[in-house]
Structure formats: structure tokens, C-alpha cells
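Below: structure-v7.pdb (PDB, C-alpha atoms, pLDDT in the B column)
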```pdb
MODEL        1
ATOM      1  CA  MET A   1     -17.807-108.749 -46.305  1.00 80.00           C
ATOM      2  CA  THR A   2     -18.039-105.748 -43.996  1.00 92.00           C
ATOM      3  CA  ALA A   3     -20.684-105.545 -41.273  1.00 95.00           C
ATOM      4  CA  THR A   4     -22.511-102.750 -43.108  1.00 96.00           C
ATOM      5  CA  GLU A   5     -22.508-104.659 -46.386  1.00 96.00           C
ATOM      6  CA  GLU A   6     -23.907-107.707 -44.619  1.00 96.00           C
ATOM      7  CA  GLN A   7     -26.550-105.593 -42.878  1.00 96.00           C
ATOM      8  CA  TYR A   8     -27.802-104.106 -46.151  1.00 97.00           C
ATOM      9  CA  ARG A   9     -27.716-107.420 -47.979  1.00 97.00           C
ATOM     10  CA  ARG A  10     -29.658-109.069 -45.170  1.00 96.00           C
ATOM     11  CA  PHE A  11     -32.189-106.237 -45.084  1.00 95.00           C
ATOM     12  CA  SER A  12     -32.764-106.550 -48.836  1.00 95.00           C
ATOM     13  CA  ARG A  13     -33.185-110.312 -48.708  1.00 95.00           C
ATOM     14  CA  LEU A  14     -35.137-110.780 -45.479  1.00 91.00           C
ATOM     15  CA  GLU A  15     -36.900-107.542 -44.569  1.00 89.00           C
ATOM     16  CA  ALA A  16     -37.626-105.640 -47.774  1.00 90.00           C
ATOM     17  CA  HIS A  17     -38.331-108.662 -49.978  1.00 90.00           C
ATOM     18  CA  GLY A  18     -42.072-108.998 -50.494  1.00 86.00           C
ATOM     19  CA  VAL A  19     -42.728-105.751 -48.601  1.00 82.00           C
ATOM     20  CA  SER A  20     -41.069-103.009 -50.627  1.00 89.00           C
ATOM     21  CA  ALA A  21     -39.616-103.719 -54.057  1.00 92.00           C
ATOM     22  CA  THR A  22     -37.986-100.286 -54.024  1.00 93.00           C
ATOM     23  CA  TYR A  23     -36.181-100.812 -50.726  1.00 94.00           C
ATOM     24  CA  GLU A  24     -35.191-104.320 -51.769  1.00 95.00           C
ATOM     25  CA  MET A  25     -33.616-102.907 -54.933  1.00 96.00           C
ATOM     26  CA  LEU A  26     -31.857 -99.979 -53.230  1.00 96.00           C
ATOM     27  CA  THR A  27     -30.350-101.943 -50.358  1.00 96.00           C
ATOM     28  CA  SER A  28     -29.217-104.746 -52.665  1.00 97.00           C
ATOM     29  CA  HIS A  29     -27.322-102.231 -54.800  1.00 97.00           C
ATOM     30  CA  ILE A  30     -25.917-100.377 -51.783  1.00 97.00           C
ATOM     31  CA  ALA A  31     -24.505-103.676 -50.494  1.00 97.00           C
ATOM     32  CA  ASP A  32     -22.518-103.913 -53.747  1.00 97.00           C
ATOM     33  CA  ASP A  33     -21.413-100.262 -53.737  1.00 97.00           C
ATOM     34  CA  PRO A  34     -18.126 -99.686 -51.836  1.00 96.00           C
ATOM     35  CA  GLU A  35     -18.350 -95.892 -52.200  1.00 96.00           C
ATOM     36  CA  LEU A  36     -21.763 -95.628 -50.580  1.00 97.00           C
ATOM     37  CA  LEU A  37     -20.849 -98.167 -47.929  1.00 97.00           C
ATOM     38  CA  CYS A  38     -17.839 -95.988 -47.084  1.00 96.00           C
ATOM     39  CA  LEU A  39     -20.141 -92.957 -46.645  1.00 95.00           C
ATOM     40  CA  ILE A  40     -22.493 -94.900 -44.404  1.00 97.00           C
ATOM     41  CA  ASP A  41     -19.602 -96.242 -42.341  1.00 97.00           C
ATOM     42  CA  ARG A  42     -18.700 -92.676 -41.339  1.00 95.00           C
ATOM     43  CA  LEU A  43     -21.785 -92.713 -39.134  1.00 97.00           C
ATOM     44  CA  PRO A  44     -21.950 -94.253 -35.657  1.00 97.00           C
ATOM     45  CA  VAL A  45     -22.964 -97.910 -35.842  1.00 96.00           C
ATOM     46  CA  PRO A  46     -26.552 -97.386 -34.592  1.00 94.00           C
ATOM     47  CA  LYS A  47     -27.072 -94.781 -37.322  1.00 97.00           C
ATOM     48  CA  ARG A  48     -26.104 -97.048 -40.234  1.00 97.00           C
ATOM     49  CA  GLN A  49     -29.305 -99.082 -40.343  1.00 95.00           C
ATOM     50  CA  PRO A  50     -31.029 -99.240 -43.751  1.00 95.00           C
ATOM     51  CA  ASN A  51     -34.415 -97.943 -42.576  1.00 92.00           C
ATOM     52  CA  LEU A  52     -32.787 -94.851 -41.112  1.00 95.00           C
ATOM     53  CA  ILE A  53     -30.501 -94.067 -44.065  1.00 96.00           C
ATOM     54  CA  LEU A  54     -33.179 -94.597 -46.692  1.00 96.00           C
ATOM     55  CA  GLY A  55     -35.699 -92.685 -44.605  1.00 94.00           C
ATOM     56  CA  ALA A  56     -33.270 -89.794 -44.194  1.00 96.00           C
ATOM     57  CA  ALA A  57     -32.569 -89.792 -47.927  1.00 96.00           C
ATOM     58  CA  ARG A  58     -36.259 -89.778 -48.853  1.00 94.00           C
ATOM     59  CA  HIS A  59     -37.001 -87.150 -46.209  1.00 94.00           C
ATOM     60  CA  ASN A  60     -34.545 -84.881 -48.023  1.00 95.00           C
ATOM     61  CA  GLY A  61     -36.020 -85.577 -51.447  1.00 94.00           C
ATOM     62  CA  ALA A  62     -33.959 -88.455 -52.866  1.00 96.00           C
ATOM     63  CA  PRO A  63     -35.245 -90.139 -56.035  1.00 95.00           C
ATOM     64  CA  VAL A  64     -35.771 -93.820 -55.281  1.00 93.00           C
ATOM     65  CA  SER A  65     -37.075 -95.460 -58.445  1.00 91.00           C
ATOM     66  CA  ASP A  66     -33.698 -95.657 -60.204  1.00 95.00           C
ATOM     67  CA  TYR A  67     -30.519 -96.676 -58.391  1.00 96.00           C
ATOM     68  CA  GLU A  68     -28.096 -94.621 -60.473  1.00 97.00           C
ATOM     69  CA  ALA A  69     -30.183 -91.475 -59.936  1.00 97.00           C
ATOM     70  CA  PHE A  70     -30.427 -92.312 -56.240  1.00 97.00           C
ATOM     71  CA  ARG A  71     -26.677 -92.886 -56.015  1.00 97.00           C
ATOM     72  CA  ARG A  72     -25.804 -89.583 -57.713  1.00 97.00           C
ATOM     73  CA  TRP A  73     -28.245 -87.703 -55.514  1.00 97.00           C
ATOM     74  CA  LEU A  74     -26.993 -89.327 -52.308  1.00 97.00           C
ATOM     75  CA  THR A  75     -23.354 -88.614 -53.131  1.00 96.00           C
ATOM     76  CA  ILE A  76     -24.099 -84.938 -53.743  1.00 97.00           C
ATOM     77  CA  ASN A  77     -26.473 -84.512 -50.798  1.00 97.00           C
ATOM     78  CA  TRP A  78     -24.792 -86.769 -48.256  1.00 97.00           C
ATOM     79  CA  SER A  79     -24.247 -83.962 -45.735  1.00 97.00           C
ATOM     80  CA  ALA A  80     -28.008 -83.338 -45.503  1.00 97.00           C
ATOM     81  CA  VAL A  81     -28.789 -87.054 -45.226  1.00 97.00           C
ATOM     82  CA  GLN A  82     -26.096 -87.487 -42.593  1.00 97.00           C
ATOM     83  CA  ALA A  83     -27.501 -84.591 -40.556  1.00 97.00           C
ATOM     84  CA  THR A  84     -30.998 -86.080 -40.658  1.00 96.00           C
ATOM     85  CA  ALA A  85     -29.744 -89.544 -39.736  1.00 96.00           C
ATOM     86  CA  LEU A  86     -27.818 -88.156 -36.775  1.00 96.00           C
ATOM     87  CA  ALA A  87     -30.801 -86.116 -35.565  1.00 93.00           C
ATOM     88  CA  ARG A  88     -33.539 -88.680 -36.143  1.00 91.00           C
ATOM     89  CA  PHE A  89     -34.339 -92.203 -34.992  1.00 89.00           C
ATOM     90  CA  THR A  90     -36.312 -94.962 -36.663  1.00 85.00           C
ATOM     91  CA  GLN A  91     -39.900 -94.843 -35.492  1.00 71.00           C
ATOM     92  CA  THR A  92     -41.579 -98.004 -36.624  1.00 66.00           C
ATOM     93  CA  ASN A  93     -44.944 -97.834 -34.880  1.00 67.00           C
ATOM     94  CA  GLU A  94     -47.364 -99.025 -37.524  1.00 74.00           C
ATOM     95  CA  ALA A  95     -51.103 -99.298 -36.988  1.00 80.00           C
ATOM     96  CA  GLY A  96     -51.169-102.669 -38.769  1.00 83.00           C
ATOM     97  CA  ARG A  97     -49.326-104.292 -35.879  1.00 85.00           C
ATOM     98  CA  VAL A  98     -52.371-104.096 -33.644  1.00 90.00           C
ATOM     99  CA  SER A  99     -54.087-106.844 -35.679  1.00 91.00           C
ATOM    100  CA  ALA A 100     -51.781-109.356 -33.995  1.00 89.00           C
ATOM    101  CA  LEU A 101     -52.351-107.816 -30.559  1.00 89.00           C
ATOM    102  CA  LEU A 102     -56.126-107.480 -30.780  1.00 90.00           C
ATOM    103  CA  PRO A 103     -56.989-111.178 -30.116  1.00 89.00           C
ATOM    104  CA  ILE A 104     -54.958-111.009 -26.894  1.00 88.00           C
ATOM    105  CA  LEU A 105     -56.470-107.716 -25.750  1.00 89.00           C
ATOM    106  CA  ALA A 106     -60.010-108.833 -26.576  1.00 85.00           C
ATOM    107  CA  HIS A 107     -59.488-111.981 -24.493  1.00 85.00           C
ATOM    108  CA  PHE A 108     -59.308-109.987 -21.238  1.00 88.00           C
ATOM    109  CA  ASP A 109     -62.367-108.771 -19.381  1.00 85.00           C
ATOM    110  CA  GLY A 110     -62.499-105.024 -19.779  1.00 77.00           C
ATOM    111  CA  PRO A 111     -62.304-102.205 -19.489  1.00 91.00           C
ATOM    112  CA  LEU A 112     -58.555-102.018 -20.160  1.00 93.00           C
ATOM    113  CA  SER A 113     -55.798 -99.512 -19.481  1.00 94.00           C
ATOM    114  CA  LEU A 114     -52.920 -99.588 -21.984  1.00 93.00           C
ATOM    115  CA  ILE A 115     -49.307 -98.595 -21.387  1.00 94.00           C
ATOM    116  CA  GLU A 116     -46.915 -98.907 -24.332  1.00 90.00           C
ATOM    117  CA  VAL A 117     -43.159 -98.721 -23.909  1.00 89.00           C
ATOM    118  CA  GLY A 118     -41.577 -97.334 -27.059  1.00 84.00           C
ATOM    119  CA  ALA A 119     -44.784 -95.671 -28.214  1.00 82.00           C
ATOM    120  CA  SER A 120     -43.355 -93.158 -30.706  1.00 75.00           C
ATOM    121  CA  ALA A 121     -46.441 -91.299 -31.967  1.00 75.00           C
ATOM    122  CA  GLY A 122     -48.757 -93.739 -30.175  1.00 82.00           C
ATOM    123  CA  LEU A 123     -50.326 -95.338 -33.268  1.00 83.00           C
ATOM    124  CA  CYS A 124     -50.598 -98.704 -31.519  1.00 88.00           C
ATOM    125  CA  LEU A 125     -52.328 -97.254 -28.470  1.00 91.00           C
ATOM    126  CA  TYR A 126     -55.651 -97.074 -30.327  1.00 92.00           C
ATOM    127  CA  PRO A 127     -56.638-100.669 -31.186  1.00 92.00           C
ATOM    128  CA  ASP A 128     -60.253 -99.766 -30.446  1.00 93.00           C
ATOM    129  CA  ARG A 129     -60.287 -96.967 -33.043  1.00 93.00           C
ATOM    130  CA  TYR A 130     -59.459 -99.021 -36.149  1.00 94.00           C
ATOM    131  CA  SER A 131     -61.534-101.388 -38.266  1.00 95.00           C
ATOM    132  CA  TYR A 132     -60.246-104.933 -38.910  1.00 95.00           C
ATOM    133  CA  GLN A 133     -60.596-107.492 -41.670  1.00 94.00           C
ATOM    134  CA  TYR A 134     -59.412-110.982 -40.666  1.00 94.00           C
ATOM    135  CA  ASP A 135     -59.285-113.271 -43.698  1.00 92.00           C
ATOM    136  CA  ARG A 136     -62.728-113.083 -45.360  1.00 90.00           C
ATOM    137  CA  ARG A 137     -64.667-112.629 -42.151  1.00 92.00           C
ATOM    138  CA  PRO A 138     -67.048-109.679 -41.704  1.00 93.00           C
ATOM    139  CA  GLN A 139     -65.271-106.436 -40.953  1.00 94.00           C
ATOM    140  CA  LEU A 140     -64.899-105.656 -37.257  1.00 93.00           C
ATOM    141  CA  ASP A 141     -65.635-101.981 -36.546  1.00 94.00           C
ATOM    142  CA  PRO A 142     -65.602 -99.636 -33.544  1.00 94.00           C
ATOM    143  CA  ASP A 143     -68.935 -99.029 -31.807  1.00 89.00           C
ATOM    144  CA  ASP A 144     -69.346 -95.645 -33.469  1.00 91.00           C
ATOM    145  CA  GLY A 145     -68.965 -97.039 -36.982  1.00 93.00           C
ATOM    146  CA  PRO A 146     -66.295 -98.025 -39.531  1.00 94.00           C
ATOM    147  CA  SER A 147     -62.902 -96.411 -39.203  1.00 94.00           C
ATOM    148  CA  PRO A 148     -61.143 -94.804 -42.188  1.00 92.00           C
ATOM    149  CA  VAL A 149     -58.206 -97.057 -41.219  1.00 90.00           C
ATOM    150  CA  VAL A 150     -58.919-100.709 -42.035  1.00 93.00           C
ATOM    151  CA  VAL A 151     -56.257-103.178 -40.863  1.00 92.00           C
ATOM    152  CA  ARG A 152     -56.247-106.426 -42.841  1.00 91.00           C
ATOM    153  CA  CYS A 153     -54.780-109.642 -41.497  1.00 91.00           C
ATOM    154  CA  ALA A 154     -54.446-113.181 -42.865  1.00 90.00           C
ATOM    155  CA  THR A 155     -54.476-115.970 -40.278  1.00 89.00           C
ATOM    156  CA  THR A 156     -53.399-119.613 -40.188  1.00 87.00           C
ATOM    157  CA  GLY A 157     -53.721-122.438 -37.689  1.00 86.00           C
ATOM    158  CA  GLY A 158     -57.032-121.479 -36.126  1.00 83.00           C
ATOM    159  CA  ALA A 159     -55.920-118.199 -34.586  1.00 85.00           C
ATOM    160  CA  PRO A 160     -58.511-116.788 -32.141  1.00 88.00           C
ATOM    161  CA  ILE A 161     -60.435-114.019 -33.891  1.00 88.00           C
ATOM    162  CA  PRO A 162     -62.081-111.475 -31.580  1.00 87.00           C
ATOM    163  CA  ALA A 163     -65.826-110.959 -31.827  1.00 88.00           C
ATOM    164  CA  ALA A 164     -65.658-107.368 -30.601  1.00 90.00           C
ATOM    165  CA  LEU A 165     -63.121-104.647 -29.918  1.00 92.00           C
ATOM    166  CA  PRO A 166     -61.914-104.164 -26.343  1.00 91.00           C
ATOM    167  CA  VAL A 167     -63.144-101.280 -24.208  1.00 92.00           C
ATOM    168  CA  ILE A 168     -60.163 -99.063 -23.368  1.00 93.00           C
ATOM    169  CA  THR A 169     -60.609 -96.369 -20.744  1.00 94.00           C
ATOM    170  CA  SER A 170     -57.059 -95.001 -20.550  1.00 95.00           C
ATOM    171  CA  ARG A 171     -53.851 -95.177 -22.541  1.00 94.00           C
ATOM    172  CA  ALA A 172     -50.323 -93.901 -22.029  1.00 94.00           C
ATOM    173  CA  GLY A 173     -47.147 -94.093 -24.071  1.00 90.00           C
ATOM    174  CA  ILE A 174     -43.514 -93.998 -22.917  1.00 90.00           C
ATOM    175  CA  ASP A 175     -40.797 -93.163 -25.426  1.00 86.00           C
ATOM    176  CA  LEU A 176     -37.266 -91.734 -25.340  1.00 85.00           C
ATOM    177  CA  ASN A 177     -37.995 -89.793 -28.514  1.00 81.00           C
ATOM    178  CA  PRO A 178     -41.756 -89.209 -28.759  1.00 81.00           C
ATOM    179  CA  LEU A 179     -43.150 -87.713 -31.925  1.00 78.00           C
ATOM    180  CA  ASP A 180     -45.629 -84.839 -31.866  1.00 82.00           C
ATOM    181  CA  VAL A 181     -48.701 -85.573 -33.994  1.00 79.00           C
ATOM    182  CA  THR A 182     -49.284 -81.827 -34.343  1.00 90.00           C
ATOM    183  CA  ASP A 183     -45.810 -81.258 -35.820  1.00 91.00           C
ATOM    184  CA  ALA A 184     -45.801 -81.515 -39.622  1.00 92.00           C
ATOM    185  CA  ASP A 185     -42.131 -82.481 -39.831  1.00 89.00           C
ATOM    186  CA  ASP A 186     -42.543 -85.222 -37.212  1.00 87.00           C
ATOM    187  CA  MET A 187     -45.527 -86.634 -39.076  1.00 85.00           C
ATOM    188  CA  ALA A 188     -43.700 -86.459 -42.408  1.00 88.00           C
ATOM    189  CA  TRP A 189     -40.833 -88.427 -40.843  1.00 88.00           C
ATOM    190  CA  LEU A 190     -43.198 -91.046 -39.412  1.00 80.00           C
ATOM    191  CA  GLU A 191     -44.931 -91.440 -42.777  1.00 83.00           C
ATOM    192  CA  ILE A 192     -41.574 -91.848 -44.516  1.00 86.00           C
ATOM    193  CA  LEU A 193     -40.736 -94.747 -42.190  1.00 81.00           C
ATOM    194  CA  VAL A 194     -44.112 -96.472 -42.446  1.00 69.00           C
ATOM    195  CA  CYS A 195     -44.443 -96.125 -46.223  1.00 55.00           C
ATOM    196  CA  ARG A 196     -41.133 -97.531 -47.378  1.00 53.00           C
ATOM    197  CA  SER A 197     -41.277 -96.066 -50.843  1.00 42.00           C
ATOM    198  CA  SER A 198     -43.408 -93.687 -52.811  1.00 38.00           C
ATOM    199  CA  THR A 199     -43.989 -96.399 -55.399  1.00 37.00           C
ATOM    200  CA  SER A 200     -44.252 -99.428 -53.128  1.00 36.00           C
ATOM    201  CA  ALA A 201     -45.675 -98.656 -49.703  1.00 32.00           C
ATOM    202  CA  ALA A 202     -45.421-101.165 -46.898  1.00 33.00           C
ATOM    203  CA  SER A 203     -48.507-103.321 -46.738  1.00 33.00           C
ATOM    204  CA  ASP A 204     -50.811-103.027 -43.720  1.00 35.00           C
ATOM    205  CA  SER A 205     -51.528-106.765 -43.929  1.00 34.00           C
ATOM    206  CA  ARG A 206     -50.201-109.099 -41.260  1.00 34.00           C
ATOM    207  CA  GLN A 207     -49.712-112.835 -40.993  1.00 35.00           C
ATOM    208  CA  LEU A 208     -51.140-113.980 -37.654  1.00 33.00           C
ATOM    209  CA  ARG A 209     -50.302-117.367 -36.165  1.00 32.00           C
ATOM    210  CA  PRO A 210     -51.234-118.726 -32.730  1.00 28.00           C
TER
ENDMDL
END
```

When written as C-alpha cells, how does the structure in this file appear?
Amino acid sequence: MTATEEQYRRFSRLEAHGVSATYEMLTSHIADDPELLCLIDRLPVPKRQPNLILGAARHNGAPVSDYEAFRRWLTINWSAVQATALARFTQTNEAGRVSALLPILAHFDGPLSLIEVGASAGLCLYPDRYSYQYDRRPQLDPDDGPSPVVVRCATTGGAPIPAALPVITSRAGIDLNPLDVTDADDMAWLEILVCRSSTSAASDSRQLRP
């Protein structure tokens, strides 16, 4: 088993399973496809990761619901996918992650100043701007009312649930490849990486344990 084959098989089994049926299916088939593995192995090792290759393919218009259609498309359009993969990086900031951070942030006496290393587009720098639903508890909203983004989180083991959102007075992000929220292509790329397939988007739910 080559390293790339193992990487895709592991991604299908451990990362995509239960999160994106489409990505689970695609990466499982790629792991069994020597021709596609050979294409991917032409890239530098850091550029072979499944999230990046599938994101680059979808960014260029690849069909993802049927593997044979995906395979034909990728073989024909590999040069475009390769160019995108070489130019882009995975940006996995997802607003849902803040549900696991919020109990820690709310524990401190405020106001708070946030600095995030690896901030990408800064989606996790705004924990005070989202609404939250922990288990079946009442929804936790910002002071100015419910947010259009509701982050849902299931908890186990008596995890500490905040009673209110923290007060944040300043926030800053540090990233080697920051994305511009005013750039349509940057935002399209970020959305591609957060929503792992057009038919099976990544859930915003989180499992929170103490």
C-alpha cells in the first residue's frame, strides 16, 4: 500500500465517515484507483491531501455524485485541478468549532481580547456573534438578538455550558495565507472546504466532552 493510498483510505474511514457520504465514497474509490493515485502522486507531498484535491476538483466544477463521472472528469481536467491545488491551501476554519471553545472563553472574566494563530478568514474570531444550541437547552444568543448562524452542539459527561456569551473588545488573526472575505473567489474556496459536498454538507454539530 502506497502512502497516498493509505492516506485516502484512512480519510474515507475516519474523517469522512459520518460527516460526508460523498467524500467517503470518493476517497474510498480513489484509494482503489492506481491511475488517479499516480496523478495525485505527481504533486508535492503536502499537496496530496484529500481535502485539498477534492476541494480543487469541486472548485473547478467536478461532478461528485457518481465516481465514474468524477473519475472521467478528473482525468480530463487534471491540469486545472493540479494548478488549483498548487496555488491553494486547505482552510478549515469552521464556525462550528467555536461551540467547543465557548465554555472556556465564557469562564474568564471579561472583557476579552482574542488572537488566533492560523485564522484563515477569521470565522472563529467571532464567538460572540453566533447563536448556540447545546443539547436541548434554550438557545444562547448575542445581546443584540439571534444570529442567522446557529451552532449546535451535543455534550456528554456534564460539560460546562455557558450562561452567556463572552464580551470581546478586540480580535486579531495571524495566518500565512489569509483569505479576503471581500474576494468572491476566496469565499468560494472557503465554502468548498467547509461544505464537503454539494449533496452532503459537513454538519455544524459538535460533540463536546470535558

Q. What do you get, as JSON, numbers by chain, if you spell out every residue that the PyMOL selection byres ((chain A and resi 50) around 12) selects here?
A. {"A": [4, 5, 6, 7, 8, 9, 10, 11, 12, 15, 16, 23, 24, 26, 27, 28, 30, 31, 37, 40, 41, 45, 46, 47, 48, 49, 51, 52, 53, 54, 55, 56, 57, 58, 85, 89, 90, 193, 196]}

Written file, previous selection with C-alpha atoms, as a short mmCIF file (atom, residue, chain, number, x, y, z; two decimals), keeping the file's coordinate frame:
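Printed below is again_28.cif as written:
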```cif
data_model
loop_
_atom_site.label_atom_id
_atom_site.label_comp_id
_atom_site.auth_asym_id
_atom_site.auth_seq_id
_atom_site.Cartn_x
_atom_site.Cartn_y
_atom_site.Cartn_z
CA THR A 4 -22.51 -102.75 -43.11
CA GLU A 5 -22.51 -104.66 -46.39
CA GLU A 6 -23.91 -107.71 -44.62
CA GLN A 7 -26.55 -105.59 -42.88
CA TYR A 8 -27.80 -104.11 -46.15
CA ARG A 9 -27.72 -107.42 -47.98
CA ARG A 10 -29.66 -109.07 -45.17
CA PHE A 11 -32.19 -106.24 -45.08
CA SER A 12 -32.76 -106.55 -48.84
CA GLU A 15 -36.90 -107.54 -44.57
CA ALA A 16 -37.63 -105.64 -47.77
CA TYR A 23 -36.18 -100.81 -50.73
CA GLU A 24 -35.19 -104.32 -51.77
CA LEU A 26 -31.86 -99.98 -53.23
CA THR A 27 -30.35 -101.94 -50.36
CA SER A 28 -29.22 -104.75 -52.66
CA ILE A 30 -25.92 -100.38 -51.78
CA ALA A 31 -24.50 -103.68 -50.49
CA LEU A 37 -20.85 -98.17 -47.93
CA ILE A 40 -22.49 -94.90 -44.40
CA ASP A 41 -19.60 -96.24 -42.34
CA VAL A 45 -22.96 -97.91 -35.84
CA PRO A 46 -26.55 -97.39 -34.59
CA LYS A 47 -27.07 -94.78 -37.32
CA ARG A 48 -26.10 -97.05 -40.23
CA GLN A 49 -29.30 -99.08 -40.34
CA ASN A 51 -34.42 -97.94 -42.58
CA LEU A 52 -32.79 -94.85 -41.11
CA ILE A 53 -30.50 -94.07 -44.06
CA LEU A 54 -33.18 -94.60 -46.69
CA GLY A 55 -35.70 -92.68 -44.60
CA ALA A 56 -33.27 -89.79 -44.19
CA ALA A 57 -32.57 -89.79 -47.93
CA ARG A 58 -36.26 -89.78 -48.85
CA ALA A 85 -29.74 -89.54 -39.74
CA PHE A 89 -34.34 -92.20 -34.99
CA THR A 90 -36.31 -94.96 -36.66
CA LEU A 193 -40.74 -94.75 -42.19
CA ARG A 196 -41.13 -97.53 -47.38
#
```

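Near Arg171 (chain A), within 7 Å and counting all atoms listed in the file, sit Ser113, Leu114, Ile115 and Leu125 of chain A, not including residues fewer than 3 positions from it in the same chain.
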
Q. Expanded to explicit residues, what is the PyMOL selection byres ((chain A and resi 107) around 12) for this file, as a PyMOL selection string?
A. chain A and resi 101-106+108-112+160-167

Q) Looking at all atoms listed in the file, which of A:Ala3, A:Val19, A:Leu39, A:Val98 is the one that sits closest to Thr75 (chain A)? A) A:Leu39

**Q.** Pick from A:Leu43, A:Ala121, A:Tyr134, A:Arg97, whichever lies nearest to Thr182 (chain A) using only C-alpha atoms
**A.** A:Ala121

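In this structure, CA of Asp66 (chain A) sits 25.3 Å away from CA of Leu86 (chain A).
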
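Take the candidates A:Asp32, A:Tyr126, A:Arg88, A:Asn77 and check each one against Ile168 (chain A) using all atoms listed in the file; the shortest distance goes to A:Tyr126.
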
Q: Would you work out the distance separating CA of Pro148 (chain A) from CA of Tyr130 (chain A), expressed in Å to one decimal?
A: 7.6 Å

Please determine an axis-aligned box that encloses all atoms of region 1-10 of chain A listed in the file, with 4 Å added on each side, and express its centre and edge lengths in Å to one decimal as lines of an AutoDock Vina configuration file.
```
center_x = -23.7
center_y = -105.9
center_z = -44.6
size_x = 19.9
size_y = 14.3
size_z = 14.7
```

Q. A:Ala83, A:Ala69, A:Ile76, A:Met25: which is nearest Arg42 (chain A), counting all atoms listed in the file?
A. A:Ala83

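Going from CA of Ser120 (chain A) over to CA of Val151 (chain A), you cover 19.2 Å.
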
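Distance check against His59 (chain A) using only C-alpha atoms: of A:Trp78, A:Thr84, A:Tyr132, A:Gly122, the minimum falls on A:Thr84.
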
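Of the residues listed (A:Gln82, A:Thr169, A:Ser99, A:Asn177), A:Ser99 shows the shortest atom-to-atom separation from Leu140 (chain A); distances use all atoms listed in the file.
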
Write out as an mmCIF file with C-alpha atoms, in the coordinates of the input which residues come within 9 Å of Leu179 (chain A) when counting only C-alpha atoms, dropping same-chain ones fewer than 4 positions away.
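The new file around06.cif reads:
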```cif
data_model
loop_
_atom_site.group_PDB
_atom_site.id
_atom_site.type_symbol
_atom_site.label_atom_id
_atom_site.label_comp_id
_atom_site.auth_asym_id
_atom_site.auth_seq_id
_atom_site.Cartn_x
_atom_site.Cartn_y
_atom_site.Cartn_z
ATOM 1 C CA GLN A 91 -39.900 -94.843 -35.492
ATOM 2 C CA ALA A 119 -44.784 -95.671 -28.214
ATOM 3 C CA SER A 120 -43.355 -93.158 -30.706
ATOM 4 C CA ALA A 121 -46.441 -91.299 -31.967
ATOM 5 C CA GLY A 122 -48.757 -93.739 -30.175
ATOM 6 C CA ASP A 175 -40.797 -93.163 -25.426
ATOM 7 C CA ASP A 183 -45.810 -81.258 -35.820
ATOM 8 C CA ASP A 186 -42.543 -85.222 -37.212
ATOM 9 C CA MET A 187 -45.527 -86.634 -39.076
ATOM 10 C CA LEU A 190 -43.198 -91.046 -39.412
#
```

I would like the residues chosen by the PyMOL selection byres ((chain A and resi 174) around 7) on the shown file; could you give them as a compact mmCIF listing (two decimals) with C-alpha atoms, keeping the file's coordinate frame?
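Now in expr-v8.txt:
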```txt
# COMPACT_ATOMS: atom_id res chain seq x y z
CA GLU A 116 -46.92 -98.91 -24.33
CA VAL A 117 -43.16 -98.72 -23.91
CA GLY A 118 -41.58 -97.33 -27.06
CA ALA A 119 -44.78 -95.67 -28.21
CA ALA A 172 -50.32 -93.90 -22.03
CA GLY A 173 -47.15 -94.09 -24.07
CA ASP A 175 -40.80 -93.16 -25.43
```
